[in-house]
$ cat input_20.txt   # compact mmCIF, C-alpha atoms and all ligand atoms
# COMPACT_ATOMS: atom_id res chain seq x y z
CA MET A 1 5.61 30.59 -24.18
CA THR A 2 5.04 26.84 -24.47
CA GLN A 3 5.00 25.08 -21.15
CA THR A 4 6.38 21.61 -20.55
CA LEU A 5 4.29 18.87 -19.00
CA TYR A 6 6.05 15.78 -17.70
CA VAL A 7 3.81 12.76 -18.15
CA ILE A 8 5.05 10.09 -15.75
CA SER A 9 3.60 6.72 -16.70
CA CYS A 10 3.64 3.63 -14.50
CA ALA A 11 3.06 -0.01 -15.46
CA ALA A 12 -0.72 -0.21 -15.65
CA PRO A 13 -2.74 -0.80 -18.84
CA PRO A 14 -3.28 2.90 -19.79
CA ALA A 15 0.50 3.13 -20.22
CA ARG A 16 0.01 1.04 -23.37
CA HIS A 17 -2.22 3.87 -24.64
CA VAL A 18 -0.16 6.79 -23.43
CA THR A 19 -0.22 8.36 -26.89
CA THR A 20 -3.89 9.20 -26.21
CA GLY A 21 -2.90 11.30 -23.22
CA ILE A 22 0.13 12.80 -24.95
CA ARG A 23 -1.87 13.86 -28.00
CA ALA A 24 -4.65 15.32 -25.83
CA ALA A 25 -2.10 17.33 -23.84
CA GLN A 26 -0.37 18.52 -27.00
CA ALA A 27 -3.75 19.61 -28.38
CA ARG A 28 -4.04 21.88 -25.33
CA GLY A 29 -0.68 23.43 -26.11
CA TRP A 30 1.60 21.48 -23.79
CA ASP A 31 5.11 20.48 -24.78
CA VAL A 32 5.02 16.90 -23.42
CA ALA A 33 8.00 14.95 -22.12
CA LEU A 34 7.35 11.31 -21.26
CA VAL A 35 9.03 9.53 -18.35
CA LEU A 36 8.32 5.83 -17.83
CA THR A 37 8.91 3.76 -14.74
CA PRO A 38 11.33 0.91 -15.43
CA ALA A 39 8.37 -1.52 -15.41
CA ALA A 40 6.40 0.61 -17.89
CA HIS A 41 9.53 0.93 -20.03
CA ARG A 42 9.83 -2.88 -20.07
CA TRP A 43 6.24 -3.11 -21.31
CA SER A 44 6.98 -0.59 -24.07
CA VAL A 45 10.02 -2.56 -25.18
CA GLU A 46 8.86 -6.14 -24.73
CA GLU A 47 5.16 -5.87 -25.53
CA ALA A 48 5.87 -3.90 -28.68
CA ALA A 49 8.33 -4.45 -31.45
CA GLY A 50 11.57 -3.71 -29.66
CA GLU A 51 12.62 -0.10 -29.56
CA THR A 52 10.15 0.91 -32.27
CA GLU A 53 7.48 2.07 -29.87
CA LEU A 54 9.99 4.16 -27.92
CA ASP A 55 11.18 5.65 -31.21
CA GLN A 56 7.59 6.59 -32.01
CA LEU A 57 7.07 8.11 -28.56
CA ARG A 58 10.31 10.06 -28.96
CA GLU A 59 9.11 11.31 -32.33
CA LEU A 60 5.66 12.20 -30.99
CA THR A 61 6.99 14.18 -28.04
CA GLY A 62 10.16 15.52 -29.62
CA HIS A 63 12.09 14.44 -26.53
CA PRO A 64 13.98 11.36 -25.40
CA VAL A 65 11.77 8.99 -23.39
CA ARG A 66 13.55 8.56 -20.10
CA HIS A 67 13.21 5.76 -17.55
CA THR A 68 16.48 5.74 -15.63
CA TYR A 69 18.48 8.38 -13.80
CA LYS A 70 21.28 10.03 -15.72
CA LEU A 71 24.84 9.69 -14.50
CA PRO A 72 26.11 12.63 -12.45
CA SER A 73 28.38 13.70 -15.31
CA GLN A 74 25.59 13.69 -17.90
CA SER A 75 23.59 16.77 -18.73
CA ASP A 76 19.82 17.02 -18.62
CA VAL A 77 18.14 15.98 -21.84
CA LEU A 78 14.67 17.28 -21.00
CA PRO A 79 13.51 20.85 -20.46
CA SER A 80 12.48 21.64 -16.89
CA PRO A 81 8.84 20.82 -16.15
CA ASP A 82 6.13 23.42 -15.61
CA ALA A 83 3.73 20.75 -14.36
CA LEU A 84 3.65 17.00 -13.81
CA LEU A 85 0.96 14.43 -14.54
CA VAL A 86 1.41 10.97 -13.07
CA ALA A 87 -0.78 8.80 -15.28
CA PRO A 88 -1.41 6.02 -14.94
CA ALA A 89 -0.40 5.99 -11.28
CA THR A 90 -0.07 2.46 -9.89
CA LEU A 91 -0.61 1.28 -6.34
CA ASN A 92 3.13 0.58 -6.23
CA THR A 93 4.30 4.04 -7.28
CA THR A 94 1.61 5.78 -5.23
CA THR A 95 2.61 4.13 -1.95
CA LYS A 96 6.34 4.49 -2.63
CA TRP A 97 5.86 8.15 -3.60
CA ALA A 98 4.01 8.92 -0.36
CA ALA A 99 6.72 7.15 1.64
CA GLY A 100 9.46 9.19 -0.04
CA HIS A 101 11.09 6.42 -2.05
CA ALA A 102 13.10 7.75 -4.98
CA ASP A 103 14.75 4.67 -6.43
CA THR A 104 13.46 5.24 -9.96
CA LEU A 105 13.73 8.39 -12.06
CA ALA A 106 9.94 8.65 -12.05
CA LEU A 107 9.82 8.58 -8.25
CA GLY A 108 12.80 10.93 -8.03
CA LEU A 109 11.00 13.52 -10.13
CA ILE A 110 7.66 13.28 -8.34
CA THR A 111 9.06 13.14 -4.82
CA GLU A 112 11.16 16.24 -5.49
CA ALA A 113 8.24 17.99 -7.18
CA LEU A 114 6.36 18.05 -3.88
CA GLY A 115 8.89 20.60 -2.66
CA LEU A 116 8.72 22.76 -5.78
CA PRO A 117 6.06 25.27 -6.78
CA LEU A 118 4.78 23.02 -9.56
CA PRO A 119 1.27 21.68 -10.14
CA VAL A 120 1.23 17.90 -9.71
CA VAL A 121 -1.76 15.80 -10.75
CA ALA A 122 -2.02 12.02 -10.37
CA LEU A 123 -4.62 9.87 -12.11
CA PRO A 124 -4.57 6.32 -10.75
CA TYR A 125 -5.46 3.11 -12.53
CA ILE A 126 -6.00 0.67 -9.72
CA ASN A 127 -8.53 -2.13 -9.40
CA ALA A 128 -11.01 -2.41 -6.55
CA ALA A 129 -9.08 -5.22 -4.84
CA GLN A 130 -5.83 -3.25 -4.95
CA ALA A 131 -7.72 -0.21 -3.68
CA GLN A 132 -8.57 -2.13 -0.49
CA HIS A 133 -4.90 -2.36 0.46
CA PRO A 134 -4.44 -0.54 3.75
CA ALA A 135 -1.43 1.38 2.39
CA LEU A 136 -3.42 3.16 -0.32
CA ALA A 137 -5.73 5.48 1.63
CA PRO A 138 -2.96 6.89 3.88
CA ALA A 139 -0.70 7.35 0.85
CA VAL A 140 -3.38 9.28 -1.02
CA ALA A 141 -4.05 11.40 2.08
CA THR A 142 -0.32 12.13 2.47
CA LEU A 143 0.05 13.14 -1.17
CA ARG A 144 -3.03 15.35 -1.09
CA LYS A 145 -1.75 17.04 2.07
CA ALA A 146 1.49 17.72 0.20
CA GLY A 147 -0.46 19.45 -2.57
CA VAL A 148 -0.98 16.70 -5.14
CA ARG A 149 -4.36 16.59 -6.87
CA TYR A 150 -4.69 12.82 -6.55
CA LEU A 151 -7.71 11.94 -8.70
CA LEU A 152 -9.00 8.84 -6.96
CA GLY A 153 -12.79 9.09 -7.00
CA ASP A 154 -13.93 9.68 -3.44
CA GLY A 155 -15.54 12.39 -1.34
CA GLN A 156 -12.67 14.75 -2.08
CA GLU A 157 -12.50 14.03 -5.82
CA PRO A 158 -16.00 12.88 -6.79
CA ASP A 159 -15.15 13.02 -10.50
CA GLY A 160 -11.92 11.08 -10.09
CA PHE A 161 -11.05 7.56 -11.18
CA THR A 162 -13.29 4.82 -9.76
CA PRO A 163 -11.48 1.50 -9.25
CA HIS A 164 -12.88 -1.31 -11.38
CA PRO A 165 -13.39 -4.97 -10.45
CA PRO A 166 -10.20 -6.97 -11.06
CA LYS A 167 -9.76 -7.97 -14.71
CA ASN A 168 -12.56 -5.61 -15.74
CA GLY A 169 -10.62 -2.46 -16.45
CA ARG A 170 -11.87 -0.15 -19.18
CA VAL A 171 -8.70 1.35 -20.48
CA GLU A 172 -10.61 3.14 -23.24
CA ALA A 173 -12.56 5.04 -20.57
CA TYR A 174 -9.45 6.18 -18.70
CA PRO A 175 -10.15 9.89 -18.15
CA TRP A 176 -7.04 11.59 -19.55
CA GLY A 177 -9.20 14.59 -20.40
CA PHE A 178 -10.35 15.05 -16.82
CA ALA A 179 -6.75 15.06 -15.56
CA LEU A 180 -5.88 17.66 -18.21
CA ASP A 181 -8.90 19.75 -17.14
CA VAL A 182 -7.55 19.72 -13.57
CA LEU A 183 -4.12 20.78 -14.84
CA ASP A 184 -5.75 23.62 -16.78
CA GLU A 185 -7.54 24.65 -13.59
CA LEU A 186 -4.31 24.57 -11.56
CA THR A 187 -2.27 26.43 -14.14
CA GLY A 188 -4.95 28.96 -15.04
CA ARG A 189 -5.02 27.78 -18.63
CA PRO A 190 -8.30 27.96 -20.53
CA LEU A 191 -10.53 24.94 -19.90
CA GLN A 192 -11.21 22.94 -23.04
CA ALA A 193 -14.74 22.10 -24.01
CA ASP A 194 -13.45 18.95 -25.71
CA SER A 195 -12.54 16.53 -22.92
CA ASP A 196 -13.23 13.29 -24.67
CA ALA A 197 -9.71 11.86 -24.41
C1 LIG B 1 -0.87 -7.14 -16.90
C2 LIG B 1 -0.64 -6.32 -15.67
C3 LIG B 1 -1.55 -5.36 -15.34
C4 LIG B 1 -1.35 -4.58 -14.19
N1 LIG B 1 -2.26 -3.64 -13.91
C5 LIG B 1 -2.05 -2.85 -12.83
C6 LIG B 1 -2.97 -1.81 -12.53
O1 LIG B 1 -3.97 -1.61 -13.23
N2 LIG B 1 -2.73 -1.04 -11.45
C7 LIG B 1 -1.64 -1.23 -10.65
O2 LIG B 1 -1.48 -0.49 -9.69
N3 LIG B 1 -0.74 -2.21 -10.91
C8 LIG B 1 -0.92 -3.01 -11.97
N4 LIG B 1 -0.03 -4.00 -12.26
C9 LIG B 1 1.11 -4.21 -11.36
C10 LIG B 1 2.26 -3.25 -11.67
O3 LIG B 1 2.65 -3.38 -13.02
C11 LIG B 1 3.45 -3.58 -10.74
O4 LIG B 1 3.09 -3.31 -9.39
C12 LIG B 1 4.70 -2.82 -11.10
O5 LIG B 1 5.73 -3.19 -10.22
C13 LIG B 1 4.46 -1.33 -11.00
O6 LIG B 1 5.67 -0.65 -11.12
P1 LIG B 1 5.70 0.93 -11.30
O7 LIG B 1 4.78 1.50 -10.28
O8 LIG B 1 7.13 1.26 -11.01
O9 LIG B 1 5.32 1.20 -12.69
C14 LIG B 1 -0.21 -4.79 -13.38
C15 LIG B 1 0.71 -5.78 -13.74
C16 LIG B 1 0.49 -6.53 -14.87
C17 LIG B 1 1.51 -7.57 -15.25
$ encode --input "input_20.txt" --output "structure tokens"
Amino acid sequence: MTQTLYVISCAAPPARHVTTGIRAAQARGWDVALVLTPAAHRWSVEEAAGETELDQLRELTGHPVRHTYKLPSQSDVLPSPDALLVAPATLNTTTKWAAGHADTLALGLITEALGLPLPVVALPYINAAQAQHPALAPAVATLRKAGVRYLLGDGQEPDGFTPHPPKNGRVEAYPWGFALDVLDELTGRPLQADSDA
């Protein structure tokens, strides 16, 4: 049976290329549902031609692209997730997530997921100056202790994302494929030889 992967994208440059990650996940058999933070949603609307990009993302995933909580009376429009991938994960969402903030739909989903038996992987996109902020390391440690595979390149995740010098990000090298490999590992799905996304 097809499993559903929630891709939760925050407002960092790889969010402008989220189709790369979505297509790579779909190629591995995932049904992908995209959830944007409100800031990432604003980028999708205002940096692109109005709602067109969201229409394309809806078409690509086959699901509405959500960024706000539903009203209590409204029904769920997405299937339940089998796994979650937070990518790109910003400094902002990472530290709020670890502190238990749930004031966006994205944070609501990923804070709750820590208490559910679901694989959760986070792939940050954070520059080296942001990475020096004293809130980051404790947040990453908290999330890892709660079971998140937080793919910041360090002693625990040597193959994870290495922060770049400010204004020198390489969005084309963002390792979507590595995050999907980790999800495969966590879910017992076959590892793909092709991890070039
Ligand atoms: C052009 C631009 C690039 C940014 N790049 C990053 C980034 O690479 N990593 C990051 O953590 N924040 C980055 N930010 C800051 C986030 O967009 C900002 O903290 C935002 O509030 C994040 O909200 P979210 O975590 O809810 O998506 C960037 C902001 C701008 C305007």
$ closest_atom_pairs --input "input_20.txt" --of "chain A" --to "ligand LIG 1 (chain B)" --cutoff "6 Å" --atoms "only C-alpha atoms and all ligand atoms" --output "tab-separated table"
residue	atom	partner	partner_atom	distance
A:Cys10	CA	B:LIG1	O9	3.5
A:Ala11	CA	B:LIG1	O9	3.8
A:Ala12	CA	B:LIG1	C5	4.1
A:Pro13	CA	B:LIG1	N1	5.7
A:Thr37	CA	B:LIG1	O8	4.8
A:Ala39	CA	B:LIG1	O9	4.9
A:Ala40	CA	B:LIG1	O9	5.3
A:Thr90	CA	B:LIG1	O2	3.3
A:Leu91	CA	B:LIG1	O2	3.9
A:Asn92	CA	B:LIG1	O7	4.5
A:Thr93	CA	B:LIG1	O7	4.0
A:Tyr125	CA	B:LIG1	O1	5.0
A:Ile126	CA	B:LIG1	N2	4.1
A:Asn127	CA	B:LIG1	O1	6.0
$ residues_around --input "input_20.txt" --residues "Thr162 (chain A)" --least-positions-apart "3" --cutoff "10 Å" --atoms "all atoms listed in the file" --output "MDAnalysis selection string"
chainID A and resid 124:128 131 151:154 158:159 165 174
$ atom_distance --input "input_20.txt" --atom1 "CA of Thr4 (chain A)" --atom2 "CA of Ala25 (chain A)"
10.1 Å
$ residues_around --input "input_20.txt" --residues "Glu59 (chain A)" --least-positions-apart "6" --cutoff "12 Å" --atoms "only C-alpha atoms" --output "PyMOL selection string"
chain A and resi 19+22+32-34+52-53+65
$ atom_distance --input "input_20.txt" --atom1 "CA of His67 (chain A)" --atom2 "CA of Trp30 (chain A)"
20.5 Å
$ closest_residue --input "input_20.txt" --among "A:Val182, A:Lys167, A:Glu46, A:Gly29" --to "Gln130 (chain A)" --atoms "only C-alpha atoms"
A:Lys167
$ closest_residue --input "input_20.txt" --among "A:Ala98, A:Ala24, A:Leu85, A:Val77" --to "Thr142 (chain A)" --atoms "all atoms listed in the file"
A:Ala98
$ atom_distance --input "input_20.txt" --atom1 "CA of Leu71 (chain A)" --atom2 "CA of Thr111 (chain A)"
18.8 Å
$ closest_residue --input "input_20.txt" --among "A:Val35, A:Ala102, A:Val148, A:Leu5" --to "Leu57 (chain A)" --atoms "only C-alpha atoms"
A:Val35
